[in-house]
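Structure data (mmCIF, C-alpha atoms) from run-v3.cif:
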data_start
#
loop_
_atom_site.label_atom_id
_atom_site.label_comp_id
_atom_site.auth_asym_id
_atom_site.auth_seq_id
_atom_site.Cartn_x
_atom_site.Cartn_y
_atom_site.Cartn_z
CA MET A 93 1.17 -16.76 -22.61
CA ASN A 94 3.21 -13.89 -23.99
CA LYS A 95 6.29 -13.96 -21.71
CA ARG A 96 7.70 -10.83 -23.33
CA ALA A 97 4.50 -8.96 -22.51
CA VAL A 98 4.76 -10.07 -18.87
CA GLY A 99 8.37 -8.85 -18.72
CA TYR A 100 7.34 -5.56 -20.29
CA GLU A 101 4.55 -5.15 -17.70
CA LEU A 102 7.11 -5.52 -14.92
CA VAL A 103 9.33 -2.84 -16.51
CA VAL A 104 6.31 -0.53 -16.80
CA PHE A 105 5.43 -1.06 -13.13
CA VAL A 106 8.96 -0.31 -11.91
CA THR A 107 9.19 2.78 -14.15
CA GLN A 108 5.84 4.10 -12.92
CA TRP A 109 6.85 3.43 -9.34
CA GLY A 110 10.05 5.46 -9.79
CA LEU A 111 8.17 8.29 -11.47
CA MET A 112 5.57 8.26 -8.70
CA LEU A 113 8.20 8.63 -5.98
CA PHE A 114 9.80 11.46 -7.99
CA GLY A 115 6.43 13.19 -8.39
CA PHE A 116 5.66 13.01 -4.69
CA GLY A 117 9.16 14.34 -4.03
CA VAL A 118 8.46 17.36 -6.27
CA LEU A 119 5.17 17.95 -4.45
CA THR A 120 6.74 17.65 -1.01
CA LYS A 121 9.93 19.62 -1.53
CA ILE A 122 8.92 22.23 -4.14
CA ILE A 123 5.15 22.71 -4.43
CA ALA A 124 3.93 22.24 -0.84
CA PRO A 125 6.19 24.89 0.80
CA LEU A 126 5.17 27.59 -1.74
CA ASN A 127 2.68 30.30 -0.85
CA LEU A 128 0.89 30.49 -4.17
CA VAL A 129 -2.07 32.47 -2.83
CA SER A 130 -1.77 34.79 0.16
CA THR A 131 -3.29 33.00 3.14
CA SER A 132 -4.20 36.36 4.71
CA MET A 133 -6.82 37.11 2.06
CA PHE A 134 -10.43 35.88 2.31
CA LEU A 135 -10.48 32.07 1.84
CA GLY A 136 -6.78 32.34 0.97
CA LEU A 137 -5.98 29.01 2.65
CA TYR A 138 -8.56 27.25 0.50
CA PHE A 139 -7.46 28.91 -2.75
CA ASP A 140 -3.85 28.02 -1.95
CA ALA A 141 -4.89 24.40 -1.36
CA ALA A 142 -6.94 24.39 -4.57
CA VAL A 143 -4.02 25.65 -6.69
CA LYS A 144 -1.68 23.06 -5.17
CA GLY A 145 -4.33 20.40 -5.71
CA LEU A 146 -4.53 21.40 -9.37
CA ILE A 147 -0.75 21.09 -9.72
CA ALA A 148 -0.95 17.62 -8.14
CA LEU A 149 -3.73 16.75 -10.58
CA VAL A 150 -1.62 17.86 -13.56
CA LEU A 151 1.29 15.74 -12.29
CA SER A 152 -1.06 12.73 -11.89
CA VAL A 153 -2.40 13.13 -15.41
CA THR A 154 1.17 13.39 -16.74
CA TRP A 155 2.04 10.20 -14.82
CA LEU A 156 -0.93 8.36 -16.36
CA PHE A 157 -0.06 9.75 -19.81
CA ILE A 158 3.47 8.30 -19.54
CA TRP A 159 1.94 4.95 -18.45
CA ASP A 160 -0.44 5.12 -21.41
CA ARG A 161 2.37 5.80 -23.91
CA GLN A 162 4.51 2.98 -22.55
CA VAL A 163 1.74 0.41 -22.81
CA ARG A 164 0.53 1.57 -26.19
CA LEU A 165 4.08 1.63 -27.55
CA TYR A 166 4.28 -2.12 -27.13
CA PHE A 167 0.82 -3.59 -26.80
CA HIS A 168 -1.24 -1.49 -29.18
CA ARG A 169 1.34 -1.70 -31.93
CA ARG A 170 1.49 -5.47 -31.48
CA GLY A 171 -2.26 -5.74 -31.08
CA LYS A 172 -3.16 -4.11 -34.38
CA MET B 50 2.83 -8.76 21.79
CA ALA B 51 -0.12 -6.62 20.65
CA ASN B 52 0.69 -7.41 17.01
CA THR B 53 0.90 -11.15 17.74
CA ILE B 54 -2.54 -11.07 19.39
CA ALA B 55 -3.89 -9.05 16.45
CA ILE B 56 -2.61 -11.60 13.91
CA LEU B 57 -3.85 -14.55 15.98
CA ILE B 58 -7.37 -13.08 16.18
CA ALA B 59 -7.26 -12.28 12.46
CA LEU B 60 -6.23 -15.87 11.70
CA GLY B 61 -9.70 -16.92 12.84
CA SER B 62 -11.20 -15.12 9.85
CA PHE B 63 -9.84 -17.85 7.52
CA PRO B 64 -12.05 -20.74 8.76
CA VAL B 65 -15.01 -18.39 9.27
CA SER B 66 -14.76 -17.04 5.72
CA LEU B 67 -14.31 -20.62 4.42
CA ALA B 68 -17.42 -21.83 6.26
CA LEU B 69 -19.51 -18.81 5.23
CA THR B 70 -18.43 -19.22 1.61
CA ARG B 71 -19.50 -22.86 1.73
CA PHE B 72 -22.85 -21.85 3.26
CA PHE B 73 -23.56 -19.15 0.66
CA MET B 74 -22.56 -21.51 -2.17
CA TYR B 75 -25.44 -23.80 -1.26
CA TRP B 76 -27.87 -21.06 -0.22
CA ASN B 77 -27.37 -18.96 -3.38
CA LEU B 78 -27.53 -22.01 -5.63
CA LYS B 79 -30.76 -23.09 -3.97
CA HIS B 80 -32.26 -19.61 -4.43
CA GLY B 81 -31.23 -19.30 -8.08
CA ILE B 82 -28.50 -16.70 -7.53
CA ILE B 83 -26.19 -18.03 -10.21
CA GLY B 84 -23.85 -16.82 -12.93
CA ILE B 85 -22.33 -18.51 -15.96
CA ASP B 86 -18.59 -19.06 -16.23
CA VAL B 87 -18.17 -17.78 -19.78
CA HIS B 88 -14.49 -18.71 -19.93
CA LYS B 89 -15.21 -22.46 -19.89
CA LEU B 90 -16.31 -24.47 -22.92
CA ASN B 91 -19.20 -26.13 -21.06
CA ARG B 92 -20.30 -22.77 -19.55
CA PRO B 93 -21.06 -24.12 -16.05
CA LYS B 94 -23.56 -22.43 -13.73
CA ILE B 95 -21.80 -21.13 -10.61
CA PRO B 96 -23.39 -19.62 -7.47
CA GLU B 97 -23.04 -15.80 -7.60
CA MET B 98 -22.58 -13.25 -4.78
CA VAL B 99 -20.88 -15.89 -2.64
CA GLY B 100 -18.09 -13.42 -1.88
CA VAL B 101 -20.50 -11.75 0.56
CA ALA B 102 -18.78 -14.10 3.03
CA VAL B 103 -15.73 -11.79 2.95
CA PRO B 104 -17.35 -8.47 4.07
CA ILE B 105 -19.39 -10.36 6.69
CA THR B 106 -16.18 -11.91 8.05
CA LEU B 107 -14.36 -8.56 7.97
CA VAL B 108 -17.09 -6.77 9.93
CA LEU B 109 -17.53 -9.68 12.37
CA PHE B 110 -13.82 -9.87 13.18
CA ALA B 111 -13.43 -6.09 13.42
CA ALA B 112 -16.21 -6.19 16.05
CA ILE B 113 -14.48 -9.05 17.89
CA TYR B 114 -11.17 -7.19 17.82
CA ALA B 115 -12.84 -4.01 19.10
CA MET B 116 -14.12 -6.02 22.09
CA VAL B 117 -11.01 -8.05 22.93
CA GLY B 118 -8.12 -6.22 21.26
CA GLY B 119 -8.14 -3.28 23.63
CA SER B 120 -7.63 -0.68 20.89
CA SER B 121 -9.78 2.32 20.01
CA SER B 122 -13.07 1.25 18.49
CA ILE B 123 -13.60 4.45 16.46
CA PRO B 124 -11.31 3.47 13.53
CA LEU B 125 -12.81 -0.03 13.57
CA LEU B 126 -16.32 1.42 13.49
CA ALA B 127 -15.35 3.62 10.52
CA TYR B 128 -13.86 0.60 8.74
CA CYS B 129 -16.96 -1.56 9.35
CA LEU B 130 -19.27 1.17 8.07
CA VAL B 131 -17.19 1.66 4.90
CA VAL B 132 -17.09 -2.08 4.18
CA GLY B 133 -20.79 -2.49 5.00
CA LEU B 134 -21.91 0.43 2.83
CA ALA B 135 -19.81 -0.74 -0.13
CA ALA B 136 -21.22 -4.27 0.26
CA LEU B 137 -24.73 -2.79 0.24
CA VAL B 138 -24.02 -0.88 -2.99
CA GLY B 139 -22.58 -4.07 -4.50
CA ALA B 140 -25.56 -6.16 -3.43
CA VAL B 141 -27.99 -3.66 -4.94
CA ASP B 142 -25.96 -3.71 -8.16
CA ASP B 143 -25.89 -7.51 -8.21
CA ARG B 144 -29.66 -7.75 -7.89
CA LEU B 145 -30.83 -4.69 -9.86
CA LYS B 146 -27.99 -4.41 -12.44
CA LEU B 147 -27.36 -0.67 -12.03
CA ARG B 148 -25.96 1.40 -14.89
CA GLY B 149 -22.18 1.75 -14.90
CA ILE B 150 -22.18 5.38 -13.72
CA PHE B 151 -24.01 4.62 -10.46
CA LYS B 152 -21.28 2.49 -8.90
CA PRO B 153 -18.60 5.23 -8.79
CA LEU B 154 -21.19 7.77 -7.61
CA LEU B 155 -22.64 5.57 -4.86
CA THR B 156 -19.23 4.38 -3.69
CA LEU B 157 -18.23 8.05 -3.24
CA LEU B 158 -20.65 8.01 -0.30
CA CYS B 159 -19.00 4.91 1.20
CA GLY B 160 -16.01 6.94 2.40
CA LEU B 161 -18.26 9.26 4.43
CA PRO B 162 -17.96 7.29 7.71
CA VAL B 163 -14.16 7.77 7.70
CA LEU B 164 -14.56 11.47 6.93
CA ILE B 165 -17.33 12.13 9.47
CA LEU B 166 -15.81 10.07 12.30
CA GLY B 167 -12.41 11.60 11.48
CA LEU B 168 -13.83 15.09 11.88
CA ALA B 169 -15.73 14.11 15.03
CA PHE B 170 -12.72 12.39 16.64
CA PRO B 171 -9.63 14.28 15.37
CA GLY B 172 -6.47 12.18 15.19
CA GLN B 173 -8.22 8.90 15.94
CA VAL B 174 -9.29 7.93 12.42
CA TYR B 175 -6.89 9.75 10.11
CA THR B 176 -4.27 12.47 10.16
CA SER B 177 -4.08 15.01 7.36
CA THR B 178 -0.32 14.62 7.00
CA LEU B 179 0.75 12.62 3.96
CA HIS B 180 4.03 10.78 4.55
CA VAL B 181 6.05 10.55 1.35
CA PRO B 182 8.86 8.03 0.74
CA LEU B 183 12.36 9.62 0.97
CA PHE B 184 11.07 13.20 1.14
CA GLY B 185 9.30 13.49 4.51
CA GLY B 186 5.71 14.64 4.42
CA TYR B 187 3.34 17.54 4.18
CA HIS B 188 0.18 18.63 5.87
CA LEU B 189 -2.99 18.73 3.78
CA PRO B 190 -5.73 20.03 6.07
CA VAL B 191 -8.13 20.88 3.23
CA ILE B 192 -7.32 18.41 0.44
CA TYR B 193 -6.77 15.24 2.49
CA PRO B 194 -10.32 14.94 3.92
CA LEU B 195 -11.83 15.49 0.46
CA THR B 196 -9.51 12.87 -1.05
CA ILE B 197 -10.89 10.23 1.34
CA LEU B 198 -14.19 10.01 -0.56
CA VAL B 199 -12.43 9.75 -3.92
CA ALA B 200 -9.91 7.20 -2.60
CA VAL B 201 -12.58 4.77 -1.37
CA SER B 202 -14.56 5.13 -4.60
CA VAL B 203 -11.48 4.59 -6.80
CA THR B 204 -10.18 1.54 -4.91
CA SER B 205 -13.59 -0.15 -4.73
CA ASN B 206 -14.26 0.33 -8.44
CA THR B 207 -10.78 -0.56 -9.62
CA VAL B 208 -10.89 -3.83 -7.63
CA ASN B 209 -14.35 -4.46 -9.04
CA MET B 210 -13.00 -4.16 -12.59
CA LEU B 211 -10.20 -6.73 -12.30
CA ASP B 212 -12.07 -9.95 -11.55
CA PRO B 213 -12.63 -11.44 -14.99
CA LEU B 214 -11.11 -14.87 -14.27
CA ASN B 215 -11.36 -17.45 -11.49
CA GLY B 216 -9.47 -16.25 -8.41
CA SER B 217 -7.91 -13.17 -10.05
CA MET B 218 -9.41 -10.67 -7.58
CA ALA B 219 -9.36 -12.80 -4.41
CA GLY B 220 -5.78 -13.99 -5.03
CA GLY B 221 -4.53 -10.59 -6.18
CA ILE B 222 -5.94 -8.60 -3.28
CA SER B 223 -4.83 -11.20 -0.73
CA ILE B 224 -1.29 -10.69 -2.09
CA VAL B 225 -1.79 -6.90 -1.78
CA ALA B 226 -3.03 -7.28 1.81
CA GLY B 227 -0.17 -9.68 2.61
CA GLY B 228 2.41 -7.26 1.20
CA LEU B 229 1.01 -4.29 3.10
CA LEU B 230 0.80 -6.44 6.25
CA ILE B 231 4.50 -7.33 5.97
CA GLY B 232 5.40 -3.69 5.25
CA SER B 233 3.32 -2.47 8.19
CA LEU B 234 5.00 -4.99 10.51
CA LEU B 235 8.45 -3.92 9.28
CA VAL B 236 7.83 -0.21 9.93
CA GLY B 237 6.18 -0.83 13.30
CA ALA B 238 2.62 0.09 12.44
CA GLY B 239 -0.16 0.14 15.02
CA SER B 240 -1.81 -3.16 15.94
CA THR B 241 -5.21 -2.09 14.54
CA SER B 242 -3.93 -1.74 10.99
CA ILE B 243 -1.89 -4.96 11.39
CA PHE B 244 -5.08 -6.73 12.46
CA LEU B 245 -7.17 -5.29 9.62
CA TYR B 246 -4.63 -6.20 6.92
CA ALA B 247 -4.26 -9.72 8.35
CA SER B 248 -8.03 -10.11 8.61
CA LEU B 249 -8.48 -8.98 4.98
CA MET B 250 -5.81 -11.41 3.77
CA PHE B 251 -7.13 -14.44 5.70
CA SER B 252 -10.77 -13.74 4.78
CA LEU B 253 -9.83 -13.56 1.12
CA LEU B 254 -7.82 -16.78 1.34
CA GLY B 255 -10.88 -18.52 2.82
CA PHE B 256 -13.00 -17.37 -0.11
CA LEU B 257 -10.22 -18.10 -2.62
CA TYR B 258 -10.33 -21.80 -1.70
CA TYR B 259 -13.66 -22.06 -3.55
CA ASN B 260 -13.10 -19.24 -6.05
CA ARG B 261 -9.79 -20.53 -7.45
CA PHE B 262 -9.67 -22.28 -10.83
CA PRO B 263 -11.99 -24.05 -11.59
CA ALA B 264 -14.27 -21.78 -9.55
CA ARG B 265 -17.10 -23.22 -7.50
CA ALA B 266 -18.12 -19.77 -6.23
CA PHE B 267 -18.28 -16.30 -7.78
CA ALA B 268 -17.55 -13.15 -5.78
CA GLY B 269 -20.15 -10.76 -7.16
CA ASN B 270 -20.10 -6.96 -6.89
CA VAL B 271 -21.06 -7.30 -3.23
CA SER B 272 -17.59 -8.56 -2.36
CA GLN B 273 -15.56 -6.85 -5.09
CA LEU B 274 -16.75 -3.38 -4.06
CA SER B 275 -16.47 -4.04 -0.33
CA ILE B 276 -12.98 -5.52 -0.65
CA GLY B 277 -11.88 -2.54 -2.75
CA ALA B 278 -13.41 -0.16 -0.22
CA SER B 279 -11.60 -2.06 2.49
CA VAL B 280 -8.26 -1.48 0.70
CA GLY B 281 -9.08 2.24 0.40
CA ALA B 282 -10.20 2.61 4.01
CA LEU B 283 -7.14 0.72 5.24
CA ALA B 284 -4.82 2.98 3.23
CA ILE B 285 -6.21 5.92 5.22
CA LEU B 286 -6.59 4.25 8.63
CA GLY B 287 -3.19 2.52 8.39
CA ARG B 288 -1.40 5.58 6.87
CA THR B 289 -0.26 3.47 3.92
CA GLU B 290 -1.70 5.75 1.24
CA ILE B 291 1.16 5.79 -1.27
CA ALA B 292 2.16 2.15 -0.69
CA SER B 293 -1.46 1.11 -1.29
CA ILE B 294 -1.51 2.88 -4.65
CA VAL B 295 1.68 1.01 -5.60
CA ALA B 296 0.27 -2.32 -4.41
CA ILE B 297 -2.76 -2.05 -6.72
CA PHE B 298 -0.79 -1.10 -9.87
CA PRO B 299 -2.31 -4.05 -11.83
CA ASN B 300 -5.81 -2.79 -10.97
CA ILE B 301 -4.90 0.79 -11.88
CA GLN B 302 -3.53 -0.21 -15.28
CA ASN B 303 -6.55 -2.38 -16.02
CA SER B 304 -9.07 0.33 -15.09
CA PHE B 305 -7.18 3.16 -16.78
CA PHE B 306 -6.94 1.39 -20.12
CA PHE B 307 -10.54 0.22 -19.90
CA LEU B 308 -11.79 3.77 -19.29
CA SER B 309 -9.43 5.41 -21.78
CA ARG B 310 -10.81 3.21 -24.57
CA ILE B 311 -14.49 3.07 -23.61
CA ARG B 312 -14.50 6.71 -22.38
CA ARG B 313 -17.41 6.15 -20.00
CA PHE B 314 -18.30 4.22 -16.89
CA THR B 315 -19.94 1.05 -18.12
CA GLU B 316 -20.39 -2.58 -17.17
CA HIS B 317 -18.45 -5.42 -18.81
CA ARG B 318 -21.76 -7.07 -19.66
CA GLU B 319 -22.75 -3.99 -21.71
CA LEU B 320 -19.62 -4.10 -23.89
CA THR B 321 -20.28 -5.03 -27.51
CA SER B 322 -16.57 -5.48 -28.25
CA LYS B 323 -14.99 -8.07 -25.96
CA PRO B 324 -11.25 -7.89 -25.20
CA THR B 325 -10.75 -11.68 -25.20
CA LYS B 326 -12.28 -14.73 -26.87
CA LEU B 327 -12.52 -18.40 -25.96
CA LEU B 328 -10.80 -20.76 -28.42
CA PRO B 329 -12.24 -24.23 -29.27
CA ASP B 330 -9.39 -25.83 -27.26
CA GLY B 331 -10.48 -23.98 -24.10
CA ARG B 332 -7.65 -21.43 -24.12
CA LEU B 333 -8.24 -17.68 -24.06
CA ALA B 334 -6.95 -15.38 -26.78
CA ASP B 335 -6.82 -11.68 -27.64
CA SER B 336 -10.05 -10.85 -29.50
CA GLU B 337 -8.06 -8.59 -31.90
CA ASP B 338 -11.06 -6.28 -31.94
CA PRO B 339 -9.62 -2.74 -32.22
CA ARG B 340 -12.71 -1.31 -30.47
CA ALA B 341 -12.30 -3.54 -27.41
CA PRO B 342 -10.55 -2.14 -24.33
CA LEU B 343 -6.90 -3.03 -23.69
CA THR B 344 -7.49 -4.79 -20.38
CA LEU B 345 -4.67 -6.31 -18.35
CA VAL B 346 -5.71 -9.83 -19.41
CA ARG B 347 -5.70 -8.78 -23.06
CA THR B 348 -2.18 -7.34 -22.83
CA LEU B 349 -0.95 -10.70 -21.50
CA LEU B 350 -2.58 -12.56 -24.37
CA ILE B 351 -1.42 -10.47 -27.32
CA GLY B 352 -0.05 -12.81 -29.95
CA ARG B 353 -0.17 -15.91 -27.71
CA PRO B 354 -3.26 -17.62 -26.26
CA ALA B 355 -3.09 -19.17 -22.79
CA THR B 356 -5.18 -21.20 -20.39
CA GLU B 357 -7.22 -19.41 -17.73
CA ASN B 358 -5.06 -20.93 -15.01
CA GLU B 359 -1.85 -19.62 -16.63
CA ILE B 360 -3.27 -16.11 -16.96
CA VAL B 361 -4.43 -15.99 -13.33
CA SER B 362 -1.00 -17.19 -12.13
CA THR B 363 0.62 -14.42 -14.17
CA ILE B 364 -1.77 -11.81 -12.73
CA TRP B 365 -0.84 -13.01 -9.23
CA MET B 366 2.84 -12.70 -10.17
CA LEU B 367 2.21 -9.08 -11.26
CA PHE B 368 0.48 -8.45 -7.92
CA LEU B 369 3.46 -10.01 -6.15
CA THR B 370 5.74 -7.52 -7.94
CA SER B 371 3.55 -4.52 -7.10
CA ALA B 372 3.17 -5.71 -3.49
CA SER B 373 6.99 -6.01 -3.22
CA LEU B 374 7.32 -2.45 -4.52
CA ALA B 375 4.71 -1.41 -1.92
CA VAL B 376 6.80 -2.96 0.86
CA ILE B 377 9.88 -1.04 -0.37
CA THR B 378 7.73 2.11 -0.49
CA LEU B 379 6.71 1.63 3.14
CA LEU B 380 10.33 1.04 4.15
CA LEU B 381 11.40 4.19 2.28
CA THR B 382 8.66 6.16 4.01
CA GLY B 383 10.40 5.13 7.22
CA VAL B 384 7.90 6.62 9.64
CA PRO B 385 7.00 4.57 12.69
CA ARG B 386 3.22 4.26 12.55
#
Structure rendered as structure tokens:
Amino acid sequence: MNKRAVGYELVVFVTQWGLMLFGFGVLTKIIAPLNLVSTSMFLGLYFDAAVKGLIALVLSVTWLFIWDRQVRLYFHRRGK
Amino acid sequence: MANTIAILIALGSFPVSLALTRFFMYWNLKHGIIGIDVHKLNRPKIPEMVGVAVPITLVLFAAIYAMVGGSSSIPLLAYCLVVGLAALVGAVDDRLKLRGIFKPLLTLLCGLPVLILGLAFPGQVYTSTLHVPLFGGYHLPVIYPLTILVAVSVTSNTVNMLDPLNGSMAGGISIVAGGLLIGSLLVGAGSTSIFLYASLMFSLLGFLYYNRFPARAFAGNVSQLSIGASVGALAILGRTEIASIVAIFPNIQNSFFFLSRIRRFTEHRELTSKPTKLLPDGRLADSEDPRAPLTLVRTLLIGRPATENEIVSTIWMLFLTSASLAVITLLLTGVPR
């Protein structure tokens, strides 16, 4: 068993957890209160939700990208 | 008091799951429902789909709790339907060997009972407010209901993907359920979600008795998908959405790196490049095949082979870490549920 790999996994988990809390904080405090699309226009509520959903999606992809880079940095380099 | 009764009723799911597992071991073996344990040198034949004992126990005890627990039966009905539908998809996959793309698509439908019953009985099944650790919460009247379908599909498939070794799924998810149970108790969650988490944990422990190394029973897609769907449904019913994501970090990493390398939904059996290989001394090692996916097991084996038992213990330790982080997440959320 690669003990160093196990330790590195734990570091990755804690880092991703911290980033996740930060990301949800950004969504709650900054993105959610914004009126990105006027809710008075036709289907405005839904467009507003869609735009915010897209921002959340971008943040999620960024979060996974950081996870990907962390794991590849150690494991892929060692695995080759 | 209500939580104590909930846990006591849920405790009964351990012997029931144990007995059902034992029954299905013999029944499936007798009817030729078997799989081969490819991570053993002698490649023993093991009864497959025995994990069906878990969804049966979950549904049975949810029905019992609905009758004697005195809580609303609508969330329990939604939970039973989600678990039952996911088990059905898994059973069909076990018998007909569906293509990889069908499982995520069919499991999308498994979340429908939560969505439909939630719309029919507002406030009883889910609330559209997402509670975020440290930062309060926000209302998602449009996005939240749509996310339910995706959530159940993702959790069921990600749990399905991390069961390569004896006891890895059953042990891992029982740790997840245990962690979320402790967290829910600490934040004062409702007795229904306490019961459902306890029931999931005890049912899995009953199955784990026969599934642990060296396994005498295999779970099969029927239980992997239903257990994953159960985790997803519970995240919504118990309002533990973010903590549940944290608790299944090992599953998320495994699935993400599998998909990012293979770039399509496929079955492990269809892979031409295997992530691990069995050594002549019975230990498992990294296959060193650059085309193989970087699964969680493979990351733990890079450079150093290990026995199956050692790897499973390490996976459980990773689950213990993620479950601890999930408990902290629930405490930081700080909302009485």
Counting all atoms listed in the file, which residues of chain A come no farther than 9 Å from chain B, as a ChimeraX atom specification?
/A:93-98,101-102,105-106,108-109,112-113,116-121,124-125,137-138,141-142,145,156,159-160,163,167-168,170-172
Where is the centre and how long are the edges: axis-aligned box on range 109-115 of chain A, 5 Å on each side, Å to one decimal, as AutoDock Vina command-line options:
--center_x 7.8 --center_y 8.3 --center_z -8.7 --size_x 14.5 --size_y 19.8 --size_z 15.5
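Every protein or nucleic acid residue with an atom no more than 6 Å from Asn209 in chain B, counting all atoms listed in the file and leaving out same-chain residues fewer than 2 positions away, appears here: Asn206, Thr207, Leu211, Gln273 and Leu274 of chain B.
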Target residues per the PyMOL selection byres ((chain B and resi 103-115) around 10), formatted as a PyMOL selection string:
chain B and resi 54-55+58-67+69-70+99-102+116-126+128-133+135-136+219+241+244-245+248-256+268+271-276+279
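Take CA of Phe139 in chain A and CA of Gly115 in chain A: the distance between them is 21.7 Å.
One distance worth recording is that between CA of Ile243 in chain B and CA of Gly220 in chain B, which is 19.1 Å.
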Do you have the CA of Leu128 in chain A-CA of Asp140 in chain A distance handy?
5.8 Å
